[in-house]
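Visitor: Pasting data_3.tsv here (TSV, C-alpha atoms):
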chain	number	residue	atom	x	y	z
L	24	THR	CA	0.00	0.00	0.00
L	25	MET	CA	1.13	3.51	-0.64
L	26	ALA	CA	2.40	5.42	2.35
L	27	LYS	CA	-0.11	7.91	3.68
L	28	GLN	CA	0.49	11.43	2.45
L	29	MET	CA	2.26	13.52	5.01
L	30	LEU	CA	-0.06	16.06	6.62
L	31	SER	CA	2.16	18.87	5.36
L	32	GLU	CA	1.64	17.46	1.84
L	33	VAL	CA	-2.13	17.38	2.32
L	34	LEU	CA	-2.08	21.04	3.31
L	35	GLU	CA	0.17	21.91	0.39
L	36	GLY	CA	-2.24	20.06	-1.90
L	37	ALA	CA	-5.20	21.94	-0.47
L	38	GLY	CA	-3.35	25.23	-0.92
L	39	ASP	CA	-2.68	24.36	-4.55
L	40	GLN	CA	-6.40	24.10	-5.35
L	41	THR	CA	-7.71	27.06	-7.29
L	42	THR	CA	-11.09	27.85	-5.79
L	43	LYS	CA	-12.20	28.08	-2.20
L	44	GLN	CA	-14.67	25.23	-2.75
L	45	ASP	CA	-11.93	23.05	-4.25
L	46	LYS	CA	-9.78	23.70	-1.18
L	47	ILE	CA	-12.67	22.74	1.09
L	48	ASN	CA	-13.39	19.57	-0.90
L	49	TYR	CA	-9.71	18.61	-0.87
L	50	LEU	CA	-9.49	19.05	2.91
L	51	ARG	CA	-12.65	16.99	3.40
L	52	GLU	CA	-11.41	14.20	1.13
L	53	ASN	CA	-8.14	14.07	3.09
L	54	GLY	CA	-9.70	15.04	6.40
L	55	SER	CA	-8.18	12.49	8.72
L	56	ILE	CA	-8.45	12.84	12.50
L	57	PRO	CA	-4.72	13.76	12.65
L	58	LEU	CA	-5.20	16.50	10.04
L	59	GLN	CA	-8.18	17.87	11.96
L	60	THR	CA	-6.14	17.68	15.18
L	61	ILE	CA	-3.42	19.85	13.63
L	62	LEU	CA	-5.92	22.34	12.21
L	63	LYS	CA	-7.76	22.57	15.52
L	64	GLY	CA	-4.51	23.06	17.40
L	65	ALA	CA	-3.46	25.80	15.02
L	66	TYR	CA	-6.74	27.64	14.45
L	67	ASP	CA	-8.86	27.14	17.57
L	68	ASP	CA	-8.25	29.80	20.20
L	69	SER	CA	-9.79	27.52	22.82
L	70	VAL	CA	-6.73	25.26	22.44
L	71	VAL	CA	-3.91	26.73	24.53
L	72	TRP	CA	-0.53	25.01	24.34
L	73	ASN	CA	1.17	24.27	27.64
L	74	LEU	CA	4.66	24.56	26.18
L	75	PRO	CA	7.28	27.31	26.16
L	76	GLU	CA	7.02	29.76	23.30
L	77	GLY	CA	9.30	29.47	20.33
L	78	LYS	CA	11.21	26.68	18.65
L	79	PRO	CA	12.79	24.28	21.12
L	80	PRO	CA	16.27	22.94	20.43
L	81	TYR	CA	15.89	19.66	18.55
L	82	GLN	CA	17.85	17.51	16.12
L	83	GLU	CA	16.10	17.60	12.77
L	84	ASP	CA	15.50	14.23	11.22
L	85	GLY	CA	17.44	14.22	7.96
L	86	ALA	CA	15.70	11.17	6.52
L	87	PRO	CA	14.05	11.60	3.11
L	88	LYS	CA	10.27	11.60	2.92
L	89	GLY	CA	8.84	8.20	3.75
L	90	TYR	CA	11.86	7.07	5.75
L	91	GLU	CA	11.31	9.00	8.94
L	92	MET	CA	10.80	6.90	12.05
L	93	VAL	CA	7.16	7.75	12.56
L	94	SER	CA	4.50	9.80	10.89
L	95	LEU	CA	2.57	12.68	12.31
L	96	HIS	CA	-0.56	10.54	11.89
L	97	LYS	CA	0.67	8.45	14.85
L	98	GLN	CA	2.14	11.27	16.91
L	99	CYS	CA	-1.04	13.38	16.98
L	100	LYS	CA	-2.46	11.17	19.72
L	101	LYS	CA	0.20	12.55	22.07
L	102	PHE	CA	-0.80	16.19	21.58
L	103	LYS	CA	-3.34	15.92	24.37
L	104	HIS	CA	-0.40	16.04	26.80
L	105	PHE	CA	0.55	19.53	25.63
L	106	VAL	CA	-2.80	21.32	25.92
L	107	LYS	CA	-3.63	23.39	29.00
L	108	GLY	CA	-6.44	21.82	30.97
L	109	GLY	CA	-5.56	18.38	29.62
L	110	VAL	CA	-3.93	15.20	30.90
L	111	GLY	CA	-0.47	16.76	30.68
L	112	ASP	CA	-1.20	19.34	33.37
L	113	ASN	CA	-0.01	16.89	36.03
L	114	MET	CA	3.21	16.15	34.16
L	115	PRO	CA	6.37	18.03	35.16
L	116	ALA	CA	7.06	20.78	32.59
L	117	ALA	CA	10.50	19.39	31.77
L	118	ARG	CA	9.05	15.98	30.98
L	119	ARG	CA	6.30	17.49	28.84
L	120	GLU	CA	8.86	19.54	26.89
L	121	LYS	CA	11.13	16.54	26.47
L	122	MET	CA	8.21	14.54	25.08
L	123	PHE	CA	7.41	17.35	22.64
L	124	ILE	CA	11.03	17.52	21.46
L	125	GLY	CA	11.00	13.72	21.03
L	126	ILE	CA	8.02	14.06	18.70
L	127	LEU	CA	9.73	16.78	16.66
L	128	GLU	CA	12.88	14.67	16.35
L	129	SER	CA	10.94	11.65	15.15
L	130	LEU	CA	9.21	13.49	12.30
L	131	HIS	CA	10.23	14.53	8.81
L	132	SER	CA	11.40	18.16	8.97
L	133	ASP	CA	8.31	19.39	7.04
L	134	GLU	CA	6.04	17.72	9.57
L	135	ALA	CA	8.07	19.03	12.52
L	136	GLU	CA	7.72	22.53	11.10
L	137	LEU	CA	3.97	22.01	10.77
L	138	VAL	CA	3.76	20.97	14.45
L	139	LEU	CA	5.73	24.07	15.47
L	140	ASN	CA	3.43	26.29	13.37
L	141	MET	CA	0.47	24.65	15.10
L	142	LYS	CA	1.93	25.24	18.57
L	143	GLU	CA	2.91	28.83	17.83
L	144	LYS	CA	-0.47	29.46	16.15
L	145	THR	CA	1.40	30.67	13.06
L	146	LEU	CA	-0.10	28.33	10.46
L	147	MET	CA	-2.21	31.08	8.89
L	148	GLY	CA	-0.65	32.12	5.62
L	149	LYS	CA	1.69	29.12	5.32
L	150	TYR	CA	-0.57	27.28	2.90
L	151	ASN	CA	-2.34	29.35	0.30
L	152	GLY	CA	-5.90	30.14	1.41
L	153	ILE	CA	-5.99	27.60	4.25
L	154	THR	CA	-7.33	30.00	6.87
L	155	SER	CA	-9.31	29.41	10.04
L	156	ALA	CA	-12.46	30.59	8.24
L	157	LEU	CA	-11.92	28.04	5.47
L	158	VAL	CA	-11.22	25.27	7.99
L	159	ALA	CA	-14.38	26.19	9.94
L	160	GLU	CA	-16.34	25.83	6.71
L	161	ALA	CA	-14.68	22.54	5.75
L	162	PHE	CA	-15.17	21.00	9.21
L	163	PRO	CA	-18.14	22.80	10.79
L	164	ASN	CA	-17.85	21.28	14.29
L	165	LEU	CA	-14.08	21.36	14.59
L	166	LEU	CA	-13.24	24.83	15.89
L	167	VAL	CA	-14.78	26.00	19.16
L	168	LYS	CA	-13.27	29.50	18.95
L	169	PRO	CA	-11.99	30.02	15.41
L	170	MET	CA	-8.94	32.27	15.34
L	171	ALA	CA	-9.63	35.58	13.62
L	172	ASN	CA	-8.31	35.70	10.07
L	173	PRO	CA	-5.64	38.37	10.12
L	174	ARG	CA	-5.82	41.01	7.45
L	175	ALA	CA	-3.37	40.60	4.61
L	176	ARG	CA	0.01	41.67	5.89
L	177	VAL	CA	0.72	45.16	4.63
L	178	PRO	CA	4.44	45.82	4.25
L	179	LYS	CA	5.47	48.13	7.06
L	180	VAL	CA	6.97	51.39	5.92
L	181	LYS	CA	9.42	53.07	8.29
L	182	LYS	CA	8.42	56.64	8.99
L	183	THR	CA	11.48	58.83	8.61
L	184	GLY	CA	9.68	62.07	8.02
L	185	THR	CA	10.30	62.10	4.28
L	186	GLU	CA	7.92	60.87	1.64
L	187	GLU	CA	10.65	59.04	-0.24
L	188	SER	CA	10.82	56.35	2.45
L	189	ALA	CA	7.62	54.81	1.08
L	190	ASN	CA	9.44	53.76	-2.08
L	191	VAL	CA	10.77	50.50	-0.75
L	192	SER	CA	12.99	48.86	-3.33
Any chance you could give the structure as structure tokens?

Guide:
Amino acid sequence: TMAKQMLSEVLEGAGDQTTKQDKINYLRENGSIPLQTILKGAYDDSVVWNLPEGKPPYQEDGAPKGYEMVSLHKQCKKFKHFVKGGVGDNMPAARREKMFIGILESLHSDEAELVLNMKEKTLMGKYNGITSALVAEAFPNLLVKPMANPRARVPKVKKTGTEESANVS
């Protein structure tokens, strides 16, 4: 049997679809529990991660796609340990963080990056058009408190007092 698509590949595939409805259909067709877990973790403001901010130090797995030790499909079950108000609350912080780093080290680097984007709530904008609003439409019962879609990032212009500063090369 063919290896399951990596979740990062599913999101890339969804982002590659042209219309909003195509993106929604693609997510639904590939809408595994692990994929929904990632999207909920990234886009649901009711999910608060009980982990330090930022990227922890971890050894990236250099294995090519398909050869990594485990897939994110399997590791998603462990995420419950990292959510505030969940089973991991009783775990010492150092042990929880070590477990999280272990997951990152076991994954393909694309998947590890996806997990970090989920934890940091920075998934919005990584995959073309895959926003919290789109996810809420694709999976109506998934998000309890959908994260607000940020406005398109406008390039910041430094104010130096002269008008010429707006002409950013």

Visitor: Pick from L:Ala161, L:Ala86, L:Met114, L:Leu166: nearest to L:Ser129, with all atoms listed in the file counted?

Guide: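 With all atoms listed in the file as the atom set, the closest residue is L:Ala86.
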
Visitor: Would you mind reading off the distance between atom CA of L:Ser69 and atom CA of L:Val167, one decimal, in Å?

Guide: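 Answer for the atom CA of L:Ser69 to atom CA of L:Val167 separation: 6.4 Å.
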
Visitor: Suppose you want the space between atom CA of L:Gly54 and atom CA of L:Tyr66; what is it in Å?

Guide: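 Separating atom CA of L:Gly54 from atom CA of L:Tyr66 is a distance of 15.2 Å.
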
Visitor: For stretch 70-73 of chain L, find every residue with an atom within 12 Å (counting all atoms listed in the file), except residues of its own chain fewer than 4 positions away, and show them as JSON, numbers by chain.

Guide: {"L": [60, 61, 62, 63, 64, 65, 66, 77, 102, 103, 104, 105, 106, 107, 108, 109, 110, 111, 112, 113, 114, 115, 116, 117, 118, 119, 120, 123, 138, 139, 140, 141, 142, 143, 144, 165, 166, 167, 168, 169, 170]}

Visitor: Could the residues in this selection be saved with C-alpha atoms as a compact mmCIF listing (two decimals), keeping the file's coordinate frame?

Guide:
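Result file is result32.txt:
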# COMPACT_ATOMS: atom_id res chain seq x y z
CA THR L 60 -6.14 17.68 15.18
CA ILE L 61 -3.42 19.85 13.63
CA LEU L 62 -5.92 22.34 12.21
CA LYS L 63 -7.76 22.57 15.52
CA GLY L 64 -4.51 23.06 17.40
CA ALA L 65 -3.46 25.80 15.02
CA TYR L 66 -6.74 27.64 14.45
CA GLY L 77 9.30 29.47 20.33
CA PHE L 102 -0.80 16.19 21.58
CA LYS L 103 -3.34 15.92 24.37
CA HIS L 104 -0.40 16.04 26.80
CA PHE L 105 0.55 19.53 25.63
CA VAL L 106 -2.80 21.32 25.92
CA LYS L 107 -3.63 23.39 29.00
CA GLY L 108 -6.44 21.82 30.97
CA GLY L 109 -5.56 18.38 29.62
CA VAL L 110 -3.93 15.20 30.90
CA GLY L 111 -0.47 16.76 30.68
CA ASP L 112 -1.20 19.34 33.37
CA ASN L 113 -0.01 16.89 36.03
CA MET L 114 3.21 16.15 34.16
CA PRO L 115 6.37 18.03 35.16
CA ALA L 116 7.06 20.78 32.59
CA ALA L 117 10.50 19.39 31.77
CA ARG L 118 9.05 15.98 30.98
CA ARG L 119 6.30 17.49 28.84
CA GLU L 120 8.86 19.54 26.89
CA PHE L 123 7.41 17.35 22.64
CA VAL L 138 3.76 20.97 14.45
CA LEU L 139 5.73 24.07 15.47
CA ASN L 140 3.43 26.29 13.37
CA MET L 141 0.47 24.65 15.10
CA LYS L 142 1.93 25.24 18.57
CA GLU L 143 2.91 28.83 17.83
CA LYS L 144 -0.47 29.46 16.15
CA LEU L 165 -14.08 21.36 14.59
CA LEU L 166 -13.24 24.83 15.89
CA VAL L 167 -14.78 26.00 19.16
CA LYS L 168 -13.27 29.50 18.95
CA PRO L 169 -11.99 30.02 15.41
CA MET L 170 -8.94 32.27 15.34

Visitor: What is the distance, in Å and to one decimal place, between atom CA of L:His96 and atom CA of L:Val158?

Guide: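 These atoms are spaced 18.6 Å apart.
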
Visitor: Considering all atoms listed in the file, return as a ChimeraX atom specification whatever protein or nucleic-acid residues lie within 12 Å of L:Asn53, sequence-local ones (same chain, fewer than 6 positions apart) excluded.

Guide: /L:27-37,46-47,59,161-162

Visitor: Identify which of the residues L:Asn151, L:Asn172, L:Pro79, L:Leu157 lies closest to L:Thr41, counting all atoms listed in the file when measuring atom-to-atom distances.

Guide: L:Asn151

Visitor: Hey, which of L:Ala171, L:Asn164, L:Tyr81, L:Gly152 ends up closest to L:Thr42? Count all atoms listed in the file.

Guide: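 Nearest to L:Thr42: L:Gly152.
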
Visitor: Report as number ranges by chain all protein, DNA and RNA residues lying within 6 Å of L:Glu128, evaluated on all atoms listed in the file, omitting residues in the same chain fewer than 3 positions from it.

Guide: L: 82-84, 125
